[in-house]
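Participant: Structure file coords-v6.cif (mmCIF, C-alpha atoms and all ligand atoms) is given on the next line.
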```
data_work
loop_
_atom_site.group_PDB
_atom_site.id
_atom_site.type_symbol
_atom_site.label_atom_id
_atom_site.label_comp_id
_atom_site.auth_asym_id
_atom_site.auth_seq_id
_atom_site.Cartn_x
_atom_site.Cartn_y
_atom_site.Cartn_z
ATOM 1 C CA MET A 1 30.884 36.185 2.953
ATOM 2 C CA LEU A 2 29.628 33.519 0.534
ATOM 3 C CA LYS A 3 32.478 31.223 1.586
ATOM 4 C CA ARG A 4 31.464 31.686 5.244
ATOM 5 C CA ILE A 5 27.818 30.779 4.491
ATOM 6 C CA ARG A 6 28.935 27.743 2.522
ATOM 7 C CA LEU A 7 31.164 26.609 5.402
ATOM 8 C CA LEU A 8 28.369 27.113 7.950
ATOM 9 C CA TYR A 9 25.928 25.165 5.763
ATOM 10 C CA PHE A 10 28.443 22.373 5.323
ATOM 11 C CA VAL A 11 29.015 22.176 9.085
ATOM 12 C CA TYR A 12 25.221 22.189 9.682
ATOM 13 C CA LEU A 13 24.722 19.434 7.077
ATOM 14 C CA LEU A 14 27.551 17.410 8.590
ATOM 15 C CA PHE A 15 25.993 17.721 12.067
ATOM 16 C CA PHE A 16 22.437 17.142 10.754
ATOM 17 C CA VAL A 17 23.382 14.012 8.822
ATOM 18 C CA SER A 18 25.769 12.625 11.427
ATOM 19 C CA SER A 19 23.291 13.149 14.269
ATOM 20 C CA TYR A 20 20.734 10.992 12.449
ATOM 21 C CA SER A 21 23.131 8.159 11.667
ATOM 22 C CA ASN A 22 23.081 7.146 15.341
ATOM 23 C CA TYR A 23 19.406 6.174 15.080
ATOM 24 C CA LYS A 24 18.344 2.642 14.101
ATOM 25 C CA ILE A 25 15.092 2.727 12.086
ATOM 26 C CA ALA A 26 13.430 -0.628 11.396
ATOM 27 C CA VAL A 27 11.169 -0.830 8.334
ATOM 28 C CA VAL A 28 8.641 -3.704 8.117
ATOM 29 C CA PRO A 29 6.760 -3.747 4.779
ATOM 30 C CA LYS A 30 3.668 -5.870 4.173
ATOM 31 C CA GLY A 31 5.240 -7.755 1.256
ATOM 32 C CA SER A 32 8.100 -7.551 -1.198
ATOM 33 C CA ILE A 33 7.289 -9.103 -4.586
ATOM 34 C CA ASN A 34 4.821 -6.492 -5.862
ATOM 35 C CA GLN A 35 6.094 -3.401 -7.657
ATOM 36 C CA PHE A 36 4.312 -1.349 -4.993
ATOM 37 C CA TRP A 37 6.640 -2.571 -2.218
ATOM 38 C CA LYS A 38 9.714 -2.215 -4.404
ATOM 39 C CA SER A 39 8.764 1.449 -4.875
ATOM 40 C CA VAL A 40 8.186 1.880 -1.119
ATOM 41 C CA LYS A 41 11.686 0.440 -0.504
ATOM 42 C CA THR A 42 13.201 2.879 -3.033
ATOM 43 C CA GLY A 43 11.626 5.797 -1.155
ATOM 44 C CA VAL A 44 12.869 4.469 2.197
ATOM 45 C CA TYR A 45 16.467 4.319 1.004
ATOM 46 C CA GLU A 46 16.237 7.689 -0.761
ATOM 47 C CA ALA A 47 15.289 9.267 2.577
ATOM 48 C CA ALA A 48 17.968 7.243 4.398
ATOM 49 C CA GLU A 49 20.562 8.521 1.923
ATOM 50 C CA GLU A 50 19.379 12.113 2.213
ATOM 51 C CA TYR A 51 19.224 12.182 6.017
ATOM 52 C CA GLY A 52 21.985 9.723 6.794
ATOM 53 C CA ALA A 53 19.618 7.417 8.672
ATOM 54 C CA ASN A 54 20.546 3.827 9.525
ATOM 55 C CA ILE A 55 17.835 1.491 8.126
ATOM 56 C CA ILE A 56 17.111 -2.167 8.889
ATOM 57 C CA TYR A 57 14.582 -3.346 6.265
ATOM 58 C CA ARG A 58 12.870 -6.698 6.907
ATOM 59 C CA GLY A 59 9.411 -7.999 5.996
ATOM 60 C CA PRO A 60 7.456 -10.981 4.614
ATOM 61 C CA VAL A 61 7.413 -11.856 0.911
ATOM 62 C CA ILE A 62 3.691 -12.712 0.966
ATOM 63 C CA GLU A 63 1.293 -10.058 2.255
ATOM 64 C CA SER A 64 -0.869 -12.234 4.500
ATOM 65 C CA LYS A 65 1.973 -13.181 6.858
ATOM 66 C CA TYR A 66 1.127 -10.917 9.813
ATOM 67 C CA GLU A 67 2.488 -13.594 12.216
ATOM 68 C CA LEU A 68 5.905 -13.153 10.593
ATOM 69 C CA GLN A 69 5.616 -9.366 10.925
ATOM 70 C CA ILE A 70 4.922 -9.867 14.649
ATOM 71 C CA ARG A 71 8.054 -12.022 15.066
ATOM 72 C CA ILE A 72 10.188 -9.497 13.158
ATOM 73 C CA ILE A 73 8.939 -6.618 15.330
ATOM 74 C CA GLU A 74 9.554 -8.602 18.538
ATOM 75 C CA LYS A 75 13.170 -9.036 17.423
ATOM 76 C CA PHE A 76 13.436 -5.292 16.696
ATOM 77 C CA ILE A 77 12.130 -4.559 20.223
ATOM 78 C CA ARG A 78 14.825 -6.870 21.668
ATOM 79 C CA ASP A 79 17.403 -5.121 19.466
ATOM 80 C CA LYS A 80 16.244 -1.776 20.925
ATOM 81 C CA VAL A 81 15.686 0.003 17.596
ATOM 82 C CA ASP A 82 14.759 3.679 17.909
ATOM 83 C CA ALA A 83 11.795 3.687 15.504
ATOM 84 C CA ILE A 84 9.664 1.248 13.520
ATOM 85 C CA VAL A 85 8.001 2.067 10.175
ATOM 86 C CA LEU A 86 5.334 -0.615 9.589
ATOM 87 C CA ALA A 87 2.806 -1.453 6.858
ATOM 88 C CA PRO A 88 0.556 -3.778 8.911
ATOM 89 C CA ALA A 89 -0.711 -6.935 7.172
ATOM 90 C CA HIS A 90 -3.687 -6.928 9.559
ATOM 91 C CA LYS A 91 -5.301 -3.924 11.222
ATOM 92 C CA ASP A 92 -5.863 -5.700 14.593
ATOM 93 C CA MET A 93 -3.397 -8.599 14.857
ATOM 94 C CA LEU A 94 -0.360 -6.287 14.888
ATOM 95 C CA LEU A 95 -1.748 -4.140 17.712
ATOM 96 C CA PRO A 96 -0.357 -6.096 20.735
ATOM 97 C CA VAL A 97 3.247 -6.075 19.458
ATOM 98 C CA ILE A 98 3.026 -2.387 18.462
ATOM 99 C CA LYS A 99 1.682 -1.618 21.953
ATOM 100 C CA LYS A 100 4.728 -3.434 23.365
ATOM 101 C CA ALA A 101 7.091 -1.454 21.086
ATOM 102 C CA HIS A 102 5.418 1.783 22.193
ATOM 103 C CA GLU A 103 5.816 0.815 25.859
ATOM 104 C CA ASN A 104 9.524 0.268 25.141
ATOM 105 C CA GLY A 105 9.818 3.877 23.994
ATOM 106 C CA ILE A 106 10.079 3.061 20.277
ATOM 107 C CA LYS A 107 8.583 5.627 17.870
ATOM 108 C CA ILE A 108 5.993 4.044 15.553
ATOM 109 C CA VAL A 109 5.052 5.225 12.047
ATOM 110 C CA ILE A 110 2.319 3.235 10.285
ATOM 111 C CA ILE A 111 2.254 3.442 6.464
ATOM 112 C CA ASP A 112 -0.098 2.184 3.746
ATOM 113 C CA SER A 113 -2.677 0.352 5.891
ATOM 114 C CA GLU A 114 -4.434 1.506 9.034
ATOM 115 C CA LEU A 115 -3.644 -0.090 12.400
ATOM 116 C CA SER A 116 -6.302 -0.113 15.133
ATOM 117 C CA GLY A 117 -5.578 1.339 18.579
ATOM 118 C CA ASN A 118 -3.580 4.484 19.300
ATOM 119 C CA TYR A 119 -0.070 3.299 20.116
ATOM 120 C CA HIS A 120 1.459 4.642 16.908
ATOM 121 C CA ASP A 121 2.803 8.187 16.553
ATOM 122 C CA ALA A 122 1.874 8.800 12.901
ATOM 123 C CA PHE A 123 -0.147 7.253 10.059
ATOM 124 C CA ILE A 124 0.657 7.951 6.374
ATOM 125 C CA ALA A 125 -1.334 6.314 3.564
ATOM 126 C CA THR A 126 -3.430 6.750 0.466
ATOM 127 C CA ASP A 127 -6.940 7.987 1.288
ATOM 128 C CA ASN A 128 -8.115 4.441 0.600
ATOM 129 C CA TYR A 129 -11.863 4.827 1.188
ATOM 130 C CA ASN A 130 -12.111 7.832 -1.126
ATOM 131 C CA ALA A 131 -9.841 6.126 -3.673
ATOM 132 C CA GLY A 132 -12.398 3.294 -3.736
ATOM 133 C CA ARG A 133 -15.209 5.817 -4.214
ATOM 134 C CA LEU A 134 -13.353 7.518 -7.075
ATOM 135 C CA ALA A 135 -12.853 4.109 -8.716
ATOM 136 C CA GLY A 136 -16.618 3.506 -8.373
ATOM 137 C CA GLU A 137 -17.459 6.831 -10.019
ATOM 138 C CA GLU A 138 -15.066 6.146 -12.930
ATOM 139 C CA PHE A 139 -16.450 2.614 -13.216
ATOM 140 C CA ILE A 140 -20.051 3.801 -13.624
ATOM 141 C CA LYS A 141 -18.970 6.180 -16.425
ATOM 142 C CA LEU A 142 -17.675 3.112 -18.299
ATOM 143 C CA HIS A 143 -20.090 0.342 -17.306
ATOM 144 C CA GLY A 144 -23.354 2.134 -16.523
ATOM 145 C CA LYS A 145 -25.813 0.325 -14.298
ATOM 146 C CA LYS A 146 -24.946 -3.224 -15.380
ATOM 147 C CA LYS A 147 -24.133 -5.937 -12.821
ATOM 148 C CA VAL A 148 -20.605 -5.849 -11.322
ATOM 149 C CA GLY A 149 -18.138 -8.288 -9.766
ATOM 150 C CA ILE A 150 -15.766 -7.298 -6.951
ATOM 151 C CA LEU A 151 -12.557 -9.323 -6.581
ATOM 152 C CA LYS A 152 -11.262 -8.497 -3.110
ATOM 153 C CA GLU A 153 -7.844 -8.928 -1.500
ATOM 154 C CA ARG A 154 -7.999 -10.133 2.127
ATOM 155 C CA LYS A 155 -10.338 -9.298 5.038
ATOM 156 C CA GLY A 156 -8.477 -7.372 7.753
ATOM 157 C CA ASN A 157 -6.115 -5.800 5.227
ATOM 158 C CA ALA A 158 -7.242 -2.252 6.025
ATOM 159 C CA SER A 159 -6.020 -0.537 2.825
ATOM 160 C CA THR A 160 -7.937 -2.809 0.461
ATOM 161 C CA ASP A 161 -10.906 -3.315 2.832
ATOM 162 C CA GLN A 162 -11.479 0.464 2.734
ATOM 163 C CA ARG A 163 -11.154 0.688 -1.061
ATOM 164 C CA GLU A 164 -13.648 -2.131 -1.491
ATOM 165 C CA GLN A 165 -16.040 -0.393 0.938
ATOM 166 C CA GLY A 166 -15.735 2.907 -0.936
ATOM 167 C CA PHE A 167 -16.389 1.214 -4.272
ATOM 168 C CA GLU A 168 -19.364 -0.757 -2.926
ATOM 169 C CA ASP A 169 -20.886 2.369 -1.337
ATOM 170 C CA VAL A 170 -20.889 4.160 -4.716
ATOM 171 C CA LEU A 171 -22.555 1.168 -6.385
ATOM 172 C CA THR A 172 -25.189 0.971 -3.616
ATOM 173 C CA GLU A 173 -25.883 4.719 -3.882
ATOM 174 C CA ASN A 174 -26.487 4.169 -7.617
ATOM 175 C CA ASN A 175 -28.630 1.038 -7.174
ATOM 176 C CA ILE A 176 -26.131 -1.125 -9.060
ATOM 177 C CA GLU A 177 -26.207 -4.870 -8.320
ATOM 178 C CA ILE A 178 -23.058 -6.656 -7.145
ATOM 179 C CA GLY A 179 -23.345 -10.026 -8.876
ATOM 180 C CA VAL A 180 -20.285 -11.658 -7.276
ATOM 181 C CA SER A 181 -17.876 -10.625 -4.530
ATOM 182 C CA VAL A 182 -14.970 -12.859 -3.429
ATOM 183 C CA TYR A 183 -11.667 -12.627 -1.548
ATOM 184 C CA GLY A 184 -8.765 -13.806 -3.710
ATOM 185 C CA GLY A 185 -6.084 -13.996 -0.990
ATOM 186 C CA THR A 186 -2.406 -13.213 -1.576
ATOM 187 C CA ILE A 187 -1.076 -16.105 -3.674
ATOM 188 C CA PHE A 188 -1.080 -15.161 -7.371
ATOM 189 C CA ARG A 189 -1.643 -18.703 -8.716
ATOM 190 C CA ASN A 190 -4.666 -19.256 -6.450
ATOM 191 C CA LYS A 191 -6.132 -15.889 -7.430
ATOM 192 C CA LEU A 192 -5.703 -16.644 -11.126
ATOM 193 C CA ILE A 193 -7.460 -20.029 -10.833
ATOM 194 C CA LEU A 194 -10.308 -18.487 -8.805
ATOM 195 C CA PHE A 195 -10.769 -15.531 -11.179
ATOM 196 C CA GLU A 196 -10.723 -17.799 -14.269
ATOM 197 C CA ARG A 197 -13.470 -19.873 -12.646
ATOM 198 C CA ILE A 198 -15.524 -16.767 -11.844
ATOM 199 C CA LEU A 199 -15.327 -15.440 -15.417
ATOM 200 C CA ASN A 200 -16.514 -18.850 -16.558
ATOM 201 C CA ASP A 201 -19.288 -19.215 -13.921
ATOM 202 C CA TYR A 202 -20.674 -15.656 -14.368
ATOM 203 C CA PRO A 203 -20.775 -15.000 -18.148
ATOM 204 C CA ASP A 204 -23.452 -12.311 -17.565
ATOM 205 C CA ILE A 205 -21.048 -10.187 -15.486
ATOM 206 C CA ARG A 206 -18.777 -8.120 -17.738
ATOM 207 C CA GLY A 207 -17.468 -5.577 -15.261
ATOM 208 C CA TYR A 208 -15.000 -6.088 -12.358
ATOM 209 C CA PHE A 209 -13.228 -4.050 -9.707
ATOM 210 C CA THR A 210 -9.977 -5.183 -8.095
ATOM 211 C CA SER A 211 -8.515 -3.423 -5.039
ATOM 212 C CA GLY A 212 -4.787 -4.245 -5.173
ATOM 213 C CA GLU A 213 -1.845 -4.930 -7.511
ATOM 214 C CA LEU A 214 -1.927 -8.735 -7.363
ATOM 215 C CA SER A 215 -5.699 -8.999 -7.925
ATOM 216 C CA THR A 216 -5.511 -6.562 -10.815
ATOM 217 C CA LEU A 217 -2.775 -8.579 -12.522
ATOM 218 C CA ALA A 218 -4.514 -11.905 -11.802
ATOM 219 C CA LEU A 219 -7.771 -10.672 -13.367
ATOM 220 C CA GLN A 220 -5.865 -9.323 -16.364
ATOM 221 C CA ARG A 221 -4.252 -12.752 -16.886
ATOM 222 C CA ALA A 222 -7.607 -14.537 -16.442
ATOM 223 C CA ILE A 223 -9.184 -12.372 -19.175
ATOM 224 C CA GLU A 224 -6.144 -12.852 -21.443
ATOM 225 C CA ASN A 225 -6.444 -16.648 -20.937
ATOM 226 C CA LEU A 226 -10.111 -16.782 -21.964
ATOM 227 C CA GLU A 227 -10.701 -19.161 -24.888
ATOM 228 C CA ASN A 228 -13.639 -17.112 -26.108
ATOM 229 C CA LYS A 229 -12.237 -13.593 -25.940
ATOM 230 C CA ALA A 230 -14.669 -11.113 -24.421
ATOM 231 C CA ASP A 231 -14.632 -7.452 -23.501
ATOM 232 C CA TYR A 232 -14.782 -6.524 -19.828
ATOM 233 C CA THR A 233 -14.910 -3.249 -17.960
ATOM 234 C CA VAL A 234 -12.066 -3.462 -15.428
ATOM 235 C CA ILE A 235 -10.829 -0.866 -12.979
ATOM 236 C CA GLY A 236 -8.077 -1.975 -10.605
ATOM 237 C CA PHE A 237 -5.379 -0.619 -8.309
ATOM 238 C CA ASP A 238 -1.653 -0.052 -8.760
ATOM 239 C CA LEU A 239 0.574 0.017 -11.795
ATOM 240 C CA ASN A 240 3.437 -2.217 -12.937
ATOM 241 C CA ASN A 241 4.805 -2.998 -16.401
ATOM 242 C CA ASP A 242 2.390 -5.894 -16.977
ATOM 243 C CA ILE A 243 -0.661 -3.902 -15.890
ATOM 244 C CA GLU A 244 0.467 -0.975 -18.053
ATOM 245 C CA MET A 245 0.523 -3.387 -21.042
ATOM 246 C CA GLY A 246 -2.928 -4.631 -20.013
ATOM 247 C CA ILE A 247 -4.231 -1.054 -20.229
ATOM 248 C CA LYS A 248 -2.501 -0.470 -23.591
ATOM 249 C CA ASN A 249 -4.063 -3.723 -24.908
ATOM 250 C CA ASN A 250 -7.542 -2.742 -23.631
ATOM 251 C CA ILE A 251 -7.777 -5.693 -21.237
ATOM 252 C CA ILE A 252 -8.021 -3.227 -18.353
ATOM 253 C CA ASN A 253 -9.655 0.219 -18.618
ATOM 254 C CA GLY A 254 -7.583 1.866 -15.891
ATOM 255 C CA VAL A 255 -6.184 1.693 -12.370
ATOM 256 C CA MET A 256 -6.050 3.871 -9.287
ATOM 257 C CA ILE A 257 -2.418 4.859 -8.771
ATOM 258 C CA GLN A 258 -0.782 5.715 -5.452
ATOM 259 C CA GLN A 259 2.560 7.224 -4.467
ATOM 260 C CA PRO A 260 4.419 4.271 -2.884
ATOM 261 C CA LYS A 261 7.894 5.798 -3.219
ATOM 262 C CA HIS A 262 6.708 8.961 -1.464
ATOM 263 C CA LEU A 263 5.077 6.788 1.215
ATOM 264 C CA GLY A 264 8.414 5.097 1.944
ATOM 265 C CA TYR A 265 10.267 8.424 1.949
ATOM 266 C CA LEU A 266 7.731 10.116 4.275
ATOM 267 C CA GLY A 267 7.806 7.122 6.625
ATOM 268 C CA ILE A 268 11.536 7.631 7.268
ATOM 269 C CA LYS A 269 11.340 11.441 7.337
ATOM 270 C CA THR A 270 8.508 11.304 9.893
ATOM 271 C CA ALA A 271 10.353 8.752 12.060
ATOM 272 C CA LEU A 272 13.405 11.046 12.141
ATOM 273 C CA GLU A 273 11.275 14.072 13.036
ATOM 274 C CA LEU A 274 9.724 12.084 15.905
ATOM 275 C CA LEU A 275 13.186 11.033 17.122
ATOM 276 C CA ASP A 276 14.183 14.678 16.933
ATOM 277 C CA GLY A 277 11.312 15.497 19.307
ATOM 278 C CA LYS A 278 9.446 17.451 16.624
ATOM 279 C CA GLU A 279 5.657 17.673 16.398
ATOM 280 C CA VAL A 280 4.381 15.644 13.414
ATOM 281 C CA GLN A 281 0.978 15.388 11.736
ATOM 282 C CA LYS A 282 -0.787 12.353 13.302
ATOM 283 C CA GLU A 283 -2.479 11.365 10.037
ATOM 284 C CA VAL A 284 -1.418 12.134 6.427
ATOM 285 C CA LEU A 285 -3.765 10.893 3.686
ATOM 286 C CA ILE A 286 -2.592 11.115 0.067
ATOM 287 C CA ASP A 287 -5.116 11.201 -2.817
ATOM 288 C CA ALA A 288 -5.003 8.395 -5.387
ATOM 289 C CA GLU A 289 -5.468 9.269 -9.075
ATOM 290 C CA TYR A 290 -7.236 7.416 -11.882
ATOM 291 C CA PHE A 291 -4.768 6.325 -14.592
ATOM 292 C CA THR A 292 -5.867 5.154 -18.037
ATOM 293 C CA ASP A 293 -4.525 5.089 -21.562
HETATM 294 C C1 LIG B 301 -1.017 -3.386 -2.529
HETATM 295 O O1 LIG B 301 -1.330 -3.717 -1.170
HETATM 296 C C2 LIG B 301 -1.805 -2.536 -0.516
HETATM 297 O O2 LIG B 301 -1.645 -2.596 0.873
HETATM 298 C C3 LIG B 301 -1.001 -1.442 -1.161
HETATM 299 O O3 LIG B 301 -1.574 -0.162 -0.939
HETATM 300 C C4 LIG B 301 -1.056 -1.864 -2.620
HETATM 301 O O4 LIG B 301 -2.272 -1.454 -3.212
HETATM 302 C C5 LIG B 301 0.343 -3.900 -2.899
HETATM 303 O O5 LIG B 301 0.337 -5.300 -2.996
#
```
Any chance you could put this one into C-alpha cells?
Ligand code: BDR
Facilitator:
Amino acid sequence: MLKRIRLLYFVYLLFFVSSYSNYKIAVVPKGSINQFWKSVKTGVYEAAEEYGANIIYRGPVIESKYELQIRIIEKFIRDKVDAIVLAPAHKDMLLPVIKKAHENGIKIVIIDSELSGNYHDAFIATDNYNAGRLAGEEFIKLHGKKKVGILKERKGNASTDQREQGFEDVLTENNIEIGVSVYGGTIFRNKLILFERILNDYPDIRGYFTSGELSTLALQRAIENLENKADYTVIGFDLNNDIEMGIKNNIINGVMIQQPKHLGYLGIKTALELLDGKEVQKEVLIDAEYFTD
C-alpha cells in the first residue's frame, strides 16, 4: 500500500513539476547591487527549483532606471512570456507597458513597490506605510521630541515613498519638527557626498531616518567619516553585512527588516497559481520588523 502511495505521489510530482516547466516567467527586479535584490533573486530561484518553473531574470543595476525596465518588459511581450513578476521602479511610469502586457494575456505579479492602475493580477510587498509608522514610533522612544532629518530615496518609488509618509505622519502626530528632508537618489557616491554635507550643515540635528538599504548605508558611512565623531539616533531600512556592523558599532540604532527572499518566492508561486487558473489573493502585505542589537 505504502509503495502504491509513493508511486502515485511520484507520478503527481512528475506531472506537477513538468506541467510548470512549459511556462516562461519573466522576473524584472528594480535593481541588483543591493543585498535586498540578491535575496529576492534567491527566493525566485528557490521557487523555480521547487516548482520546475522556467525563469528569465533581467533588470537594471541601478534602481532609478524605469525606462530600462520598460524596454525589458516590451521585449518580454514580444517574446510572448506567460507571466511577468515586476518590482516597478516608478509607480506610474511602468503602467502603460504593464497595461500592454495585460492586453497580451500575460499574467502580472507586482512585488515590493506598488504600481498604479489595475492591470496587474496580484501585489505582494511589505506593508510599507505601516513599516514607516513603526520606525517612527521606535525613533521617538530613542530620540524623544528633538528635531529630525529624513533622508529619502526617490520620489515615485512607491515602497520608500510610503515608508517616508508613515514616518512623517508619526512625527507630525507627536509635534516633532522635521529639520531637513532630502531625496538622495540611487547612486551611492552621490548620496554619501550629500549626507556628509547635511551632517556638516545641520549640526543641531542628531537624529535621522532613512527609508532604504542604500540610504541607510550611505548615512552610516557619512557618520563614520565625520572628523569630529558625534552620536546620532539613526533608524533605517534593510540589513546587509555592513549595516549589521554599523548596528554592532552603535553608528546605527536599528533598521526595519523585510522578507525579500520570501517576496521573490511568493512572486513565482503566485504567477504559477495564476497560470494554473487558480484564484489568488489580489494584495498580500507582509509586516516589517524592527531589528536592533
Ligand atoms: C530597497 O528598495 C526598496 O524598493 C526595497 O523594498 C528595499 O528597501 C532595496 O534597495
Participant: So how far away is CA of Asp112 (chain A) from CA of His143 (chain A), in Å?
Facilitator: 29.1 Å
Participant: May I have the residues within 9 Å of ligand LIG 301 (chain B), computed using only C-alpha atoms and all ligand atoms, as number ranges by chain?
Facilitator: A: 30-37, 63, 87-89, 112-113, 125-126, 128, 153, 157-160, 186, 211-215, 237-238, 256-258, 260
Participant: Would you output that residue set with C-alpha atoms, as a tab-separated table (two decimals), in the frame of the given file?
Facilitator:
```tsv
chain	number	residue	atom	x	y	z
A	30	LYS	CA	3.67	-5.87	4.17
A	31	GLY	CA	5.24	-7.76	1.26
A	32	SER	CA	8.10	-7.55	-1.20
A	33	ILE	CA	7.29	-9.10	-4.59
A	34	ASN	CA	4.82	-6.49	-5.86
A	35	GLN	CA	6.09	-3.40	-7.66
A	36	PHE	CA	4.31	-1.35	-4.99
A	37	TRP	CA	6.64	-2.57	-2.22
A	63	GLU	CA	1.29	-10.06	2.26
A	87	ALA	CA	2.81	-1.45	6.86
A	88	PRO	CA	0.56	-3.78	8.91
A	89	ALA	CA	-0.71	-6.94	7.17
A	112	ASP	CA	-0.10	2.18	3.75
A	113	SER	CA	-2.68	0.35	5.89
A	125	ALA	CA	-1.33	6.31	3.56
A	126	THR	CA	-3.43	6.75	0.47
A	128	ASN	CA	-8.12	4.44	0.60
A	153	GLU	CA	-7.84	-8.93	-1.50
A	157	ASN	CA	-6.12	-5.80	5.23
A	158	ALA	CA	-7.24	-2.25	6.02
A	159	SER	CA	-6.02	-0.54	2.82
A	160	THR	CA	-7.94	-2.81	0.46
A	186	THR	CA	-2.41	-13.21	-1.58
A	211	SER	CA	-8.52	-3.42	-5.04
A	212	GLY	CA	-4.79	-4.24	-5.17
A	213	GLU	CA	-1.84	-4.93	-7.51
A	214	LEU	CA	-1.93	-8.74	-7.36
A	215	SER	CA	-5.70	-9.00	-7.92
A	237	PHE	CA	-5.38	-0.62	-8.31
A	238	ASP	CA	-1.65	-0.05	-8.76
A	256	MET	CA	-6.05	3.87	-9.29
A	257	ILE	CA	-2.42	4.86	-8.77
A	258	GLN	CA	-0.78	5.72	-5.45
A	260	PRO	CA	4.42	4.27	-2.88
```
Participant: Counting only C-alpha atoms, which residue out of A:Tyr183, A:Tyr57, A:Tyr129, A:Tyr265 sits closest to Thr210 (chain A)?
Facilitator: A:Tyr183
Participant: Of the candidates A:Val180, A:Met1, A:Ile108, A:Leu272, which one gets nearest to Asn54 (chain A) if we count only C-alpha atoms?
Facilitator: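 Once distances to Asn54 (chain A) are computed over only C-alpha atoms, the minimum belongs to A:Leu272.
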Participant: Taking all atoms listed in the file into account, name the residue in A:Ile268, A:Met93, A:Val109, A:Ile205 that is nearest to Lys145 (chain A).
Facilitator: A:Ile205
Participant: Around the point (3.1, 8.9, 0.5) in the file's coordinates, collect all residues with an atom within 10 Å, using only C-alpha atoms, and return them as a PyMOL selection string.
Facilitator: chain A and resi 40+43+111-112+124-126+258-267+284-287
Participant: Evaluating the PyMOL selection byres (((chain A and resi 271) around 9) and not hetatm) on the displayed file yields which residues, as a PyMOL selection string?
Facilitator: chain A and resi 25+82-85+107-109+121-122+266-270+272-276
Participant: List the residues selected by the PyMOL selection byres (((chain A and resi 171) around 9) and not hetatm) in the file shown, writing them as a list in words.
Facilitator: Arg133, Gly136, Glu137, Ile140, Lys145, Val148, Gly166, Phe167, Glu168, Asp169, Val170, Thr172, Glu173, Asn174, Asn175, Ile176, Glu177 and Ile178 of chain A
Participant: Nearest to Lys248 (chain A) among A:Phe291, A:Ala53, A:Glu279, A:Tyr119, with distances taken over only C-alpha atoms: which residue is it?
Facilitator: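 Result for the nearest residue to Lys248 (chain A): A:Phe291.
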Participant: Find the distance between CA of Gly132 (chain A) and CA of Val182 (chain A) and write it in Å to one decimal.
Facilitator: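 A separation of 16.4 Å between them.
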Participant: Take CA of Val44 (chain A) and CA of Lys152 (chain A) and report the distance between them in Å, one decimal.
Facilitator: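 These two atoms are separated by 27.9 Å.
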Participant: First collect every listed atom of region 124-128 of chain A; then fit an axis-aligned box around them, widen it by 4 Å on each side, and give centre and edge lengths in Å to one decimal, as lines of an AutoDock Vina configuration file.
Facilitator:
```
center_x = -3.7
center_y = 6.2
center_z = 3.4
size_x = 16.8
size_y = 11.5
size_z = 13.9
```
Participant: Report as number ranges by chain all protein, DNA and RNA residues lying within 8 Å of Arg58 (chain A), evaluated on all atoms listed in the file, omitting residues in the same chain fewer than 3 positions from it.
Facilitator: A: 26-29, 72
Participant: So which residues fall inside 10 Å of (-9.8, -18.4, -11.9) if we count only C-alpha atoms? Mind giving them as a PDB file with C-alpha atoms, keeping the file's coordinate frame?
Facilitator:
```pdb
ATOM      1  CA  GLY A 184      -8.765 -13.806  -3.710  1.00  0.00           C
ATOM      2  CA  ARG A 189      -1.643 -18.703  -8.716  1.00  0.00           C
ATOM      3  CA  ASN A 190      -4.666 -19.256  -6.450  1.00  0.00           C
ATOM      4  CA  LYS A 191      -6.132 -15.889  -7.430  1.00  0.00           C
ATOM      5  CA  LEU A 192      -5.703 -16.644 -11.126  1.00  0.00           C
ATOM      6  CA  ILE A 193      -7.460 -20.029 -10.833  1.00  0.00           C
ATOM      7  CA  LEU A 194     -10.308 -18.487  -8.805  1.00  0.00           C
ATOM      8  CA  PHE A 195     -10.769 -15.531 -11.179  1.00  0.00           C
ATOM      9  CA  GLU A 196     -10.723 -17.799 -14.269  1.00  0.00           C
ATOM     10  CA  ARG A 197     -13.470 -19.873 -12.646  1.00  0.00           C
ATOM     11  CA  ILE A 198     -15.524 -16.767 -11.844  1.00  0.00           C
ATOM     12  CA  LEU A 199     -15.327 -15.440 -15.417  1.00  0.00           C
ATOM     13  CA  ASN A 200     -16.514 -18.850 -16.558  1.00  0.00           C
ATOM     14  CA  ASP A 201     -19.288 -19.215 -13.921  1.00  0.00           C
ATOM     15  CA  ALA A 218      -4.514 -11.905 -11.802  1.00  0.00           C
ATOM     16  CA  LEU A 219      -7.771 -10.672 -13.367  1.00  0.00           C
ATOM     17  CA  ARG A 221      -4.252 -12.752 -16.886  1.00  0.00           C
ATOM     18  CA  ALA A 222      -7.607 -14.537 -16.442  1.00  0.00           C
ATOM     19  CA  ILE A 223      -9.184 -12.372 -19.175  1.00  0.00           C
ATOM     20  CA  ASN A 225      -6.444 -16.648 -20.937  1.00  0.00           C
TER      21      ASN A 225
END
```
Participant: Just the residues within 7 Å of Ser181 (chain A), please, counting all atoms listed in the file, with nothing from its chain fewer than 4 positions along; format it as a list in words.
Facilitator: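 Here the qualifying residues turn out to be Gly149, Ile150 and Leu151 of chain A.
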Participant: Write the residues of the preceding selection, restricted to C-alpha atoms, as a short mmCIF file (atom, residue, chain, number, x, y, z; two decimals), keeping the file's coordinate frame.
Facilitator:
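Once everything was written out, this is selection_19.cif:
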```
data_model
loop_
_atom_site.label_atom_id
_atom_site.label_comp_id
_atom_site.auth_asym_id
_atom_site.auth_seq_id
_atom_site.Cartn_x
_atom_site.Cartn_y
_atom_site.Cartn_z
CA GLY A 149 -18.14 -8.29 -9.77
CA ILE A 150 -15.77 -7.30 -6.95
CA LEU A 151 -12.56 -9.32 -6.58
#
```
Participant: Please provide as a ChimeraX atom specification all residues within 9 Å of Glu224 (chain A), with the sequence filter that same-chain residues fewer than 4 positions apart are discarded (counting all atoms listed in the file).
Facilitator: /A:219-220,229,246,251
Participant: Which one of A:Leu86, A:Ala230, A:Ile73, A:Leu2 sits closest to Lys41 (chain A) if you count all atoms listed in the file?
Facilitator: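 Once distances to Lys41 (chain A) are computed over all atoms listed in the file, the minimum belongs to A:Leu86.
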Participant: Calculated over all atoms listed in the file, which of the candidates A:Gly156, A:Lys100, A:Tyr20, A:Asn249 has the smallest distance to Arg78 (chain A)?
Facilitator: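 Looking at the shortest contact to Arg78 (chain A), the residue is A:Lys100.
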